[in-house]
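Comments concern the structure below.
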Amino acid sequence: MLYTIIKALHIIFMVSYFAGIFYLVRLFVYYKDTDEFPEEKKKILREQYTFMARRLWNIITVPAGVIMAVCGLVMIFLNPGLMKMGWFHLKLTFLIGLAIYHYWCWKKVLKLKALNGNTLETANIKLRQANEIATFILFLVVFTVILKSMALEYWWQLIAGFFVLVFLIMMTVKLVNKNKKKK
């Protein structure tokens with residue numbers, strides 16, 4: 001019973017964490033979108049986006065991430081057999097990628113604060129593409145957890161499907177960005 005409750009909490013805070021990460025990187029995109037705005041409007045919006053990013057990071061994303069991680073560790077403690085399963089090692093590998101992405105997001109939050117309303121040097125298209133990384137990691141983790149040993153058995157189909165998904169999303173981002181520039 002305790003394991004099931006911890007698992008439910010892990011899933012709830014995973015959803016909260018990803019919601020925070022998804023919106024956070026979107027705020028970076030919105031900040032960058034202000035480059036062409038008149039100075040007064042740019043200043044107000046950048047101040048607001050920086051404030052929102054810091055609050056989102058500190059109040060939702062990081063706390064949800066910590067609770068998610070603690071629940072995950074408790075589940076490993078309650079069921080140490082997980083550490084012997086190949087699919088779980090694959091999940092942990094993807095979580096290392098998530099940790100790297102989390103670190104990148106944290107550095108961008110600090111950068112926005114330090115910019116004090118100045119221009120973010122990262123290209124808009126790069127921010128839009130970076131916005132999809134968390135989606136890819138979420139897909140990988142969820143499919144691995146749901147499919148378990150089948151994820152290892154059919155690894156090449158999953159990898160191929162993943163690359164098709166990455167390609168389609170990246171092309172969609174480029175297409176949307178291209179159409180946006182035309183307007």
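By order in the structure tokens, chains are A, B, ...; within a chain, residues start at 1; ligands start at 1, following the order shown.
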
Original post:
Could you pull out the alpha helix (DSSP H) residues of segment 16-182 of chain A from DSSP and send them as a count of residues only?
Top reply: 137

**OP:** Identify, on the basis of only C-alpha atoms, every residue whose closest approach to segment 123-128 of chain A does not exceed 9 Å; exclude the query and any residue fewer than 6 positions from it along the same chain; express the result as a list of chain:residue names.
**Re:** A:Val25, A:Arg26, A:Phe28, A:Val29, A:Lys32, A:Asp33, A:Met170, A:Val173, A:Lys174, A:Asn177

Residue subset to file, keeping all heavy atoms, as a PDB file, in the first residue's frame:
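Everything below was put into selection.pdb:
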```pdb
ATOM      1  N   VAL A  25      10.555  27.088 -20.272  1.00  0.00           N
ATOM      2  CA  VAL A  25      11.282  27.312 -21.525  1.00  0.00           C
ATOM      3  C   VAL A  25      10.427  28.149 -22.485  1.00  0.00           C
ATOM      4  O   VAL A  25      10.937  28.942 -23.262  1.00  0.00           O
ATOM      5  CB  VAL A  25      11.757  25.986 -22.145  1.00  0.00           C
ATOM      6  CG1 VAL A  25      12.540  26.224 -23.429  1.00  0.00           C
ATOM      7  CG2 VAL A  25      12.630  25.231 -21.139  1.00  0.00           C
ATOM      8  N   ARG A  26       9.125  28.014 -22.382  1.00  0.00           N
ATOM      9  CA  ARG A  26       8.223  28.865 -23.173  1.00  0.00           C
ATOM     10  C   ARG A  26       8.421  30.332 -22.785  1.00  0.00           C
ATOM     11  O   ARG A  26       8.396  31.224 -23.645  1.00  0.00           O
ATOM     12  CB  ARG A  26       6.787  28.423 -22.890  1.00  0.00           C
ATOM     13  CG  ARG A  26       5.811  28.772 -23.926  1.00  0.00           C
ATOM     14  CD  ARG A  26       6.036  27.958 -25.190  1.00  0.00           C
ATOM     15  NE  ARG A  26       5.833  28.884 -26.273  1.00  0.00           N
ATOM     16  CZ  ARG A  26       6.372  28.812 -27.457  1.00  0.00           C
ATOM     17  NH1 ARG A  26       7.143  27.819 -27.778  1.00  0.00           N
ATOM     18  NH2 ARG A  26       6.154  29.708 -28.361  1.00  0.00           N
ATOM     19  N   PHE A  28      11.195  31.631 -21.785  1.00  0.00           N
ATOM     20  CA  PHE A  28      12.438  32.059 -22.439  1.00  0.00           C
ATOM     21  C   PHE A  28      12.152  32.488 -23.877  1.00  0.00           C
ATOM     22  O   PHE A  28      12.689  33.487 -24.355  1.00  0.00           O
ATOM     23  CB  PHE A  28      13.485  30.934 -22.454  1.00  0.00           C
ATOM     24  CG  PHE A  28      13.892  30.403 -21.107  1.00  0.00           C
ATOM     25  CD1 PHE A  28      14.401  29.116 -20.995  1.00  0.00           C
ATOM     26  CD2 PHE A  28      13.777  31.155 -19.949  1.00  0.00           C
ATOM     27  CE1 PHE A  28      14.796  28.605 -19.770  1.00  0.00           C
ATOM     28  CE2 PHE A  28      14.164  30.654 -18.708  1.00  0.00           C
ATOM     29  CZ  PHE A  28      14.678  29.370 -18.629  1.00  0.00           C
ATOM     30  N   VAL A  29      11.302  31.720 -24.553  1.00  0.00           N
ATOM     31  CA  VAL A  29      10.923  32.050 -25.932  1.00  0.00           C
ATOM     32  C   VAL A  29      10.193  33.396 -25.958  1.00  0.00           C
ATOM     33  O   VAL A  29      10.498  34.258 -26.787  1.00  0.00           O
ATOM     34  CB  VAL A  29      10.042  30.938 -26.554  1.00  0.00           C
ATOM     35  CG1 VAL A  29       9.460  31.381 -27.898  1.00  0.00           C
ATOM     36  CG2 VAL A  29      10.832  29.646 -26.711  1.00  0.00           C
ATOM     37  N   LYS A  32      12.593  36.227 -25.548  1.00  0.00           N
ATOM     38  CA  LYS A  32      13.346  36.457 -26.785  1.00  0.00           C
ATOM     39  C   LYS A  32      12.472  37.117 -27.848  1.00  0.00           C
ATOM     40  O   LYS A  32      12.949  37.944 -28.630  1.00  0.00           O
ATOM     41  CB  LYS A  32      13.912  35.125 -27.302  1.00  0.00           C
ATOM     42  CG  LYS A  32      14.803  35.259 -28.507  1.00  0.00           C
ATOM     43  CD  LYS A  32      16.057  36.023 -28.186  1.00  0.00           C
ATOM     44  CE  LYS A  32      16.967  36.134 -29.401  1.00  0.00           C
ATOM     45  NZ  LYS A  32      18.101  37.008 -29.137  1.00  0.00           N
ATOM     46  N   ASP A  33      11.184  36.788 -27.870  1.00  0.00           N
ATOM     47  CA  ASP A  33      10.252  37.372 -28.839  1.00  0.00           C
ATOM     48  C   ASP A  33      10.139  38.888 -28.698  1.00  0.00           C
ATOM     49  O   ASP A  33       9.697  39.559 -29.632  1.00  0.00           O
ATOM     50  CB  ASP A  33       8.862  36.751 -28.705  1.00  0.00           C
ATOM     51  CG  ASP A  33       8.774  35.365 -29.326  1.00  0.00           C
ATOM     52  OD1 ASP A  33       9.680  34.973 -30.078  1.00  0.00           O
ATOM     53  OD2 ASP A  33       7.776  34.668 -29.040  1.00  0.00           O
ATOM     54  N   MET A 170      10.695  18.901 -34.700  1.00  0.00           N
ATOM     55  CA  MET A 170      11.662  19.938 -35.082  1.00  0.00           C
ATOM     56  C   MET A 170      11.254  20.625 -36.388  1.00  0.00           C
ATOM     57  O   MET A 170      11.375  21.834 -36.523  1.00  0.00           O
ATOM     58  CB  MET A 170      13.071  19.356 -35.211  1.00  0.00           C
ATOM     59  CG  MET A 170      13.682  18.964 -33.906  1.00  0.00           C
ATOM     60  SD  MET A 170      13.834  20.375 -32.798  1.00  0.00           S
ATOM     61  CE  MET A 170      14.625  19.623 -31.426  1.00  0.00           C
ATOM     62  N   VAL A 173       8.440  22.965 -35.614  1.00  0.00           N
ATOM     63  CA  VAL A 173       8.950  24.181 -34.968  1.00  0.00           C
ATOM     64  C   VAL A 173       9.555  25.113 -36.015  1.00  0.00           C
ATOM     65  O   VAL A 173       9.280  26.317 -36.021  1.00  0.00           O
ATOM     66  CB  VAL A 173       9.985  23.833 -33.871  1.00  0.00           C
ATOM     67  CG1 VAL A 173      10.739  25.073 -33.404  1.00  0.00           C
ATOM     68  CG2 VAL A 173       9.305  23.148 -32.696  1.00  0.00           C
ATOM     69  N   LYS A 174      10.354  24.547 -36.919  1.00  0.00           N
ATOM     70  CA  LYS A 174      10.963  25.375 -37.972  1.00  0.00           C
ATOM     71  C   LYS A 174       9.905  25.987 -38.886  1.00  0.00           C
ATOM     72  O   LYS A 174       9.993  27.152 -39.252  1.00  0.00           O
ATOM     73  CB  LYS A 174      11.964  24.561 -38.789  1.00  0.00           C
ATOM     74  CG  LYS A 174      13.270  24.362 -38.103  1.00  0.00           C
ATOM     75  CD  LYS A 174      14.289  23.762 -39.031  1.00  0.00           C
ATOM     76  CE  LYS A 174      15.620  23.723 -38.308  1.00  0.00           C
ATOM     77  NZ  LYS A 174      16.737  23.709 -39.209  1.00  0.00           N
ATOM     78  N   ASN A 177       8.090  28.742 -37.040  1.00  0.00           N
ATOM     79  CA  ASN A 177       8.980  29.894 -36.916  1.00  0.00           C
ATOM     80  C   ASN A 177       9.152  30.605 -38.256  1.00  0.00           C
ATOM     81  O   ASN A 177       9.193  31.822 -38.324  1.00  0.00           O
ATOM     82  CB  ASN A 177      10.335  29.456 -36.353  1.00  0.00           C
ATOM     83  CG  ASN A 177      11.048  30.587 -35.672  1.00  0.00           C
ATOM     84  OD1 ASN A 177      10.453  31.351 -34.925  1.00  0.00           O
ATOM     85  ND2 ASN A 177      12.336  30.685 -35.911  1.00  0.00           N
TER      86      ASN A 177
END
```

Original post:
If you measure from atom CA of Leu120 of chain A to atom CA of Pro38 of chain A, what distance in Å do you get, rounded to one decimal?
Top reply: 16.0 Å

Go through segment 91-146 of chain A residue by residue and, counting only C-alpha atoms, keep those with an atom at most 12 Å from segment 57-66 of chain A; for each kept residue give the shortest atom pair and its distance in Å to one decimal, ordered by chain and increasing number, as CSV.
```
residue,atom,partner,partner_atom,distance
A:Leu95,CA,A:Gly65,CA,11.5
A:Leu98,CA,A:Gly65,CA,10.6
A:Ala99,CA,A:Gly65,CA,10.0
A:His102,CA,A:Val62,CA,9.2
A:Tyr103,CA,A:Val62,CA,10.9
A:Cys105,CA,A:Trp57,CA,8.9
A:Trp106,CA,A:Trp57,CA,7.9
A:Lys107,CA,A:Trp57,CA,11.2
A:Lys108,CA,A:Trp57,CA,10.7
A:Val109,CA,A:Trp57,CA,7.8
A:Leu110,CA,A:Trp57,CA,10.3
```

Original post:
Got a sec: who's within 8 Å of segment 40-48 of chain A, counting only C-alpha atoms, leaving out chain neighbours fewer than 6 positions off, as a PyMOL selection string?
Top reply: chain A and resi 31+34+116-117

Residues as selected, N, CA, C and O atoms, written as an mmCIF file, in the first residue's frame, can you do that?
```
data_model
loop_
_atom_site.group_PDB
_atom_site.id
_atom_site.type_symbol
_atom_site.label_atom_id
_atom_site.label_comp_id
_atom_site.auth_asym_id
_atom_site.auth_seq_id
_atom_site.Cartn_x
_atom_site.Cartn_y
_atom_site.Cartn_z
ATOM 1 N N TYR A 31 10.408 35.826 -23.853
ATOM 2 C CA TYR A 31 11.393 36.866 -23.559
ATOM 3 C C TYR A 31 12.141 37.242 -24.833
ATOM 4 O O TYR A 31 12.296 38.411 -25.162
ATOM 5 N N THR A 34 10.535 39.430 -27.567
ATOM 6 C CA THR A 34 10.416 40.881 -27.348
ATOM 7 C C THR A 34 11.534 41.673 -28.018
ATOM 8 O O THR A 34 11.502 42.904 -27.981
ATOM 9 N N ASN A 116 19.109 41.659 -16.631
ATOM 10 C CA ASN A 116 18.467 42.905 -16.202
ATOM 11 C C ASN A 116 17.738 43.597 -17.354
ATOM 12 O O ASN A 116 17.870 44.794 -17.565
ATOM 13 N N GLY A 117 17.020 42.789 -18.148
ATOM 14 C CA GLY A 117 16.230 43.339 -19.247
ATOM 15 C C GLY A 117 16.956 43.441 -20.565
ATOM 16 O O GLY A 117 16.373 43.858 -21.563
#
```

Original post:
With only C-alpha atoms as the atoms that count, which of A:Asn179, A:Thr4, A:Ser149, A:Gln157 lies nearest to Lys91 of chain A?
Top reply: A:Ser149

Could you give me, as a tab-separated table, a per-residue list for segment 150-179 of chain A showing, wherever an atom lies at most 10 Å from an atom of segment 132-136 of chain A, the closest pair of atoms and their distance in Å to one decimal, using only C-alpha atoms and sorting by chain then residue number from low to high?
```
residue	atom	partner	partner_atom	distance
A:Phe162	CA	A:Phe136	CA	7.8
A:Phe163	CA	A:Phe136	CA	9.6
A:Leu165	CA	A:Phe136	CA	8.3
A:Val166	CA	A:Phe136	CA	7.2
A:Ile169	CA	A:Glu132	CA	7.6
A:Met170	CA	A:Glu132	CA	8.0
A:Val173	CA	A:Glu132	CA	9.0
```

Original post:
Near Val15 of chain A, within 10 Å and counting only C-alpha atoms, which residues show up once chain neighbours fewer than 5 positions away are dropped, as a list in words?
Top reply: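 Listing them by chain and then by number gives Leu9, His10, Gly20, Ile21, Ala64, Gly65, Met68 and Leu138 of chain A.
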